[in-house]
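Worksheet: one structure, shown below.
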Amino acid sequence: MITFDAVTKRYPDGTVAVDRLSLEAPTGEITVLVGPSGCGKTTSLRMINRMIDASEGRILLDGEPVQGIDPPTLRRGIGYVIQQAGLFPHRKIVDNIATVPYLLGWDKKKARVRAMELLERVGLDPALAGRYPFQLSGGQQQRVGVARALAADPPVLLMDEPFSAVDPIVRTSLQDELLRLQAELNKTIVFVTHDIDEAIKLGDRVAVLRVGGTLAQVADPKTLLSEPADDFVREFLGHDRGIRRLQFVSTEGLRLRTDLTVEEGAERGTSESWQLVVDAEGRPLGWASGARPGELEPYGTFVPGRDSMRSALDAALLSPSGCAVAVDEQGKVVGVATREALDQALAEAADG
Ligand SMILES: Nc1ncnc2c1ncn2[C@@H]1O[C@H](COP(=O)(O)OP(=O)(O)OP(=O)(O)O)[C@@H](O)[C@H]1O
């Protein structure tokens, strides 16, 4: 666990970048530092591996003050990933990833085997190993940056806006990849971002900092969205806080109707109400209404229990029927959540 104990950083020109910060980043979890530009996120992160030294207070790594550990020893156990990956331009990808193992004096062959293993682990084609960084896309370079930080299997990973230089689609896939990796690796990760959506998606805990380097609130994402500590946090979370909260509301108990589906080719009747047409395997084909015979209208799906109420609501909004189609992991229909059922679940979520 990483502990900030009343840590202050005052730069030589008098700027107080971090002001009596007390915070814990528990072992095996992702702690996100988020806040507006200049609130001291990077400074806080760099004090952990002593790229910057604290002016006052202590930072403890599993109870031991980092100030007492010499920086090379300290950094051996701490991977560091930065924006735009920061790869060495004249080294091949495989050698970039093996940087730390080489520094640690690993046998060259062993280091390269490890690098190849990591290349695959972060979702990259092993054929990229012999290329140079400029021959990779921004997203690929960022993955290499993550692989490089993981090379010596450090228990701690510091990530400073690692995904902010790539486009939103690549960014989403990098975030998903990080969560997948973390589920396997259980590193202690401190992640800096200015993007609250990224913080909420990735963080087990989210620390919101304000300019002047003080802590506004630290909480799990769900609590942050439902109980912002003050106006600053509320404003920082943005206006669609209510909708985003729904991503933490389960669809487990959502009432589903099974009498609204009809197999393709079966008699549909002329009723004006909506019926969901499914194929012989039970997969959805579209919504049909007696008012528009022969036409199939779009639908949206969610997997009950796995997907959140936000997904269920989104699925309902995608369809003119206003109902969300519940499917299993194989995409077969298990039922339909009507507006009434969704309303009831939303009312319960608002109460709870
Ligand atoms: N070497 C330095 N000397 C003086 N002031 C500095 C120095 N480095 C950073 N600062 C100041 O400290 C404050 C915090 O900077 P820091 O880079 O930690 O913020 P940040 O939250 O990471 O910002 P951003 O999101 O813009 O990267 C800012 O006011 C910055 O101008």
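So you can find residues: chains in the structure tokens are A, B, ... in the order shown, residues in each start at 1, and ligands are numbered from 1 in order.
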(request) Tell me, as a ChimeraX atom specification, which residues lie within 8 Å of segment 6-13 of chain A, counting only C-alpha atoms; anything in the same chain fewer than 4 positions away does not count. (result) /A:17-22,43,53-59
File dump, residues just selected, N, CA and C atoms, as a PDB file, in the first residue's frame:
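Generated output (part.pdb):
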```pdb
ATOM      1  N   ALA A  17       2.504  23.065  -4.968  1.00  0.00           N
ATOM      2  CA  ALA A  17       1.834  22.200  -5.945  1.00  0.00           C
ATOM      3  C   ALA A  17       0.947  21.174  -5.249  1.00  0.00           C
ATOM      4  N   VAL A  18       1.379  20.737  -4.081  1.00  0.00           N
ATOM      5  CA  VAL A  18       0.617  19.750  -3.303  1.00  0.00           C
ATOM      6  C   VAL A  18       0.617  20.226  -1.864  1.00  0.00           C
ATOM      7  N   ASP A  19      -0.573  20.220  -1.262  1.00  0.00           N
ATOM      8  CA  ASP A  19      -0.698  20.847   0.045  1.00  0.00           C
ATOM      9  C   ASP A  19      -1.273  19.872   1.079  1.00  0.00           C
ATOM     10  N   ARG A  20      -0.433  19.386   1.934  1.00  0.00           N
ATOM     11  CA  ARG A  20      -0.813  18.475   3.031  1.00  0.00           C
ATOM     12  C   ARG A  20      -1.753  17.364   2.570  1.00  0.00           C
ATOM     13  N   LEU A  21      -1.297  16.653   1.560  1.00  0.00           N
ATOM     14  CA  LEU A  21      -2.100  15.571   0.993  1.00  0.00           C
ATOM     15  C   LEU A  21      -1.960  14.301   1.837  1.00  0.00           C
ATOM     16  N   SER A  22      -3.100  13.795   2.295  1.00  0.00           N
ATOM     17  CA  SER A  22      -3.109  12.501   2.975  1.00  0.00           C
ATOM     18  C   SER A  22      -4.037  11.579   2.196  1.00  0.00           C
ATOM     19  N   THR A  43       2.834  15.978  -9.924  1.00  0.00           N
ATOM     20  CA  THR A  43       3.778  16.163  -8.810  1.00  0.00           C
ATOM     21  C   THR A  43       3.572  15.068  -7.764  1.00  0.00           C
ATOM     22  N   ASP A  53      11.111  15.155  -4.881  1.00  0.00           N
ATOM     23  CA  ASP A  53      11.083  14.882  -3.444  1.00  0.00           C
ATOM     24  C   ASP A  53      10.093  15.795  -2.739  1.00  0.00           C
ATOM     25  N   ALA A  54       9.384  15.221  -1.796  1.00  0.00           N
ATOM     26  CA  ALA A  54       8.408  15.986  -1.021  1.00  0.00           C
ATOM     27  C   ALA A  54       9.135  17.019  -0.162  1.00  0.00           C
ATOM     28  N   SER A  55       8.467  18.168   0.078  1.00  0.00           N
ATOM     29  CA  SER A  55       9.062  19.184   0.949  1.00  0.00           C
ATOM     30  C   SER A  55       8.755  18.873   2.407  1.00  0.00           C
ATOM     31  N   GLU A  56       7.527  18.405   2.644  1.00  0.00           N
ATOM     32  CA  GLU A  56       7.118  18.056   4.014  1.00  0.00           C
ATOM     33  C   GLU A  56       6.242  16.816   3.960  1.00  0.00           C
ATOM     34  N   GLY A  57       6.137  16.139   5.081  1.00  0.00           N
ATOM     35  CA  GLY A  57       5.295  14.949   5.165  1.00  0.00           C
ATOM     36  C   GLY A  57       6.042  13.723   4.663  1.00  0.00           C
ATOM     37  N   ARG A  58       5.346  12.587   4.668  1.00  0.00           N
ATOM     38  CA  ARG A  58       6.010  11.338   4.293  1.00  0.00           C
ATOM     39  C   ARG A  58       5.162  10.564   3.299  1.00  0.00           C
ATOM     40  N   ILE A  59       5.847   9.859   2.416  1.00  0.00           N
ATOM     41  CA  ILE A  59       5.168   8.891   1.558  1.00  0.00           C
ATOM     42  C   ILE A  59       5.710   7.520   1.941  1.00  0.00           C
TER      43      ILE A  59
END
```
(message) What parts of segment 100-288 of chain A does DSSP call alpha helix (DSSP H)? I'd like the answer as a ChimeraX atom specification.
(response) /A:100-103,108-121,138-150,168-185,196-202,221-226,231-237,241-245
(request) Report the residues of segment 82-206 of chain A whose backbone DSSP state falls under strand (DSSP E), written as a ChimeraX atom specification. (result) /A:82,156-160,188-193,205-206
(message) Need to verify the contact set: Leu136 of chain A, 12 Å, only C-alpha atoms, exclusion of same-chain residues closer than 4 positions in sequence. Can you return it as an MDAnalysis selection string?
(response) chainID A and resid 84:85 87 89 92:93 124:125 127:132 140:145
Restrict the selected residues to C-alpha atoms and save them as a PDB file, in the first residue's frame.
```pdb
ATOM      1  CA  GLN A  84       2.963   9.286 -25.557  1.00  0.00           C
ATOM      2  CA  ALA A  85       4.743   6.252 -24.131  1.00  0.00           C
ATOM      3  CA  LEU A  87       9.823   5.057 -25.977  1.00  0.00           C
ATOM      4  CA  PRO A  89      13.233   6.049 -30.762  1.00  0.00           C
ATOM      5  CA  LYS A  92      13.485  -1.797 -31.500  1.00  0.00           C
ATOM      6  CA  ILE A  93      10.198  -2.524 -29.748  1.00  0.00           C
ATOM      7  CA  LEU A 124       0.141  -6.660 -29.728  1.00  0.00           C
ATOM      8  CA  ASP A 125       1.220  -8.794 -32.668  1.00  0.00           C
ATOM      9  CA  ALA A 127       5.598  -9.373 -35.535  1.00  0.00           C
ATOM     10  CA  LEU A 128       5.935  -5.780 -34.255  1.00  0.00           C
ATOM     11  CA  ALA A 129       8.914  -6.709 -32.061  1.00  0.00           C
ATOM     12  CA  GLY A 130      11.499  -5.839 -34.691  1.00  0.00           C
ATOM     13  CA  ARG A 131      10.028  -2.467 -35.587  1.00  0.00           C
ATOM     14  CA  TYR A 132      11.027   0.946 -34.296  1.00  0.00           C
ATOM     15  CA  GLN A 140       0.368   0.580 -30.212  1.00  0.00           C
ATOM     16  CA  GLN A 141       3.149   2.700 -28.767  1.00  0.00           C
ATOM     17  CA  GLN A 142       1.090   3.215 -25.639  1.00  0.00           C
ATOM     18  CA  ARG A 143       0.679  -0.555 -25.260  1.00  0.00           C
ATOM     19  CA  VAL A 144       4.441  -0.937 -25.628  1.00  0.00           C
ATOM     20  CA  GLY A 145       4.812   1.663 -22.872  1.00  0.00           C
TER      21      GLY A 145
END
```
Mind listing the residues within 7 Å of ligand 1, only C-alpha atoms and all ligand atoms counted, as a short mmCIF file (atom, residue, chain, number, x, y, z; two decimals) with N, CA and C atoms, in the first residue's frame?
```
data_model
loop_
_atom_site.label_atom_id
_atom_site.label_comp_id
_atom_site.auth_asym_id
_atom_site.auth_seq_id
_atom_site.Cartn_x
_atom_site.Cartn_y
_atom_site.Cartn_z
N TYR A 11 7.67 24.12 -4.68
CA TYR A 11 8.78 24.26 -5.64
C TYR A 11 9.64 25.46 -5.25
N PRO A 12 10.90 25.48 -5.74
CA PRO A 12 11.82 26.57 -5.33
C PRO A 12 11.25 27.97 -5.55
N ASP A 13 10.39 28.14 -6.56
CA ASP A 13 9.84 29.49 -6.80
C ASP A 13 8.69 29.81 -5.85
N THR A 15 5.84 28.02 -5.49
CA THR A 15 4.56 27.40 -5.86
C THR A 15 4.29 26.20 -4.96
N VAL A 16 3.12 26.21 -4.33
CA VAL A 16 2.72 25.03 -3.55
C VAL A 16 1.90 24.14 -4.49
N ALA A 17 2.50 23.07 -4.97
CA ALA A 17 1.83 22.20 -5.95
C ALA A 17 0.95 21.17 -5.25
N GLY A 35 -8.31 15.70 -11.50
CA GLY A 35 -8.54 17.08 -11.11
C GLY A 35 -8.14 17.99 -12.26
N PRO A 36 -8.47 19.27 -12.15
CA PRO A 36 -8.17 20.20 -13.24
C PRO A 36 -6.66 20.40 -13.43
N SER A 37 -6.30 20.97 -14.55
CA SER A 37 -4.90 21.22 -14.87
C SER A 37 -4.23 22.01 -13.74
N GLY A 38 -3.06 21.56 -13.35
CA GLY A 38 -2.28 22.29 -12.36
C GLY A 38 -2.62 21.98 -10.91
N CYS A 39 -3.45 20.95 -10.68
CA CYS A 39 -3.85 20.66 -9.29
C CYS A 39 -2.85 19.79 -8.56
N GLY A 40 -1.76 19.42 -9.24
CA GLY A 40 -0.69 18.70 -8.54
C GLY A 40 -0.70 17.19 -8.72
N LYS A 41 -1.40 16.72 -9.73
CA LYS A 41 -1.49 15.26 -9.95
C LYS A 41 -0.13 14.66 -10.28
N THR A 42 0.53 15.26 -11.29
CA THR A 42 1.83 14.72 -11.72
C THR A 42 2.86 14.84 -10.60
N THR A 43 2.83 15.98 -9.92
CA THR A 43 3.78 16.16 -8.81
C THR A 43 3.57 15.07 -7.76
N SER A 44 2.31 14.79 -7.43
CA SER A 44 2.03 13.75 -6.42
C SER A 44 2.56 12.40 -6.88
N HIS A 194 -6.98 13.77 -16.22
CA HIS A 194 -7.84 14.92 -15.97
C HIS A 194 -9.26 14.61 -16.43
#
```
(message) Need the shell around Asn186 of chain A: protein/DNA/RNA residues with any atom at most 10 Å away, counting only C-alpha atoms. Skip same-chain ones fewer than 2 positions apart. Format as a ChimeraX atom specification?
(response) /A:27-30,155-156,179,181-184,188-189
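Using only C-alpha atoms, the nearest neighbour of Leu209 of chain A within the list A:Met159, A:Leu33, A:Ala326, A:Val113 is A:Leu33.
Rounded to one decimal, atom CA of Arg255 of chain A and atom CA of Glu340 of chain A lie 9.1 Å from each other.
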(request) Enter the distance from atom CA of Gln135 of chain A to atom CA of Ala165 of chain A, in Å, rounded to one decimal. (result) 16.7 Å
(request) One decimal, Å: what's the distance from atom CA of Leu185 of chain A over to atom CA of Asp153 of chain A, could you say? (result) 9.2 Å
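With only C-alpha atoms taken into account, the protein and nucleic acid residues at most 10 Å from segment 97-109 of chain A (excluding it and anything under 5 positions from it in its own chain) are A:Arg75, A:Arg76, A:Gly79, A:Leu87, A:Phe88, A:Arg91, A:Lys92, A:Arg114, A:Ala115, A:Met116, A:Leu118, A:Leu119, A:Ala129, A:Val144, A:Gly145, A:Val146, A:Ala147, A:Arg148, A:Ala149, A:Leu150, A:Ala151, A:Ala152, A:Asp153.
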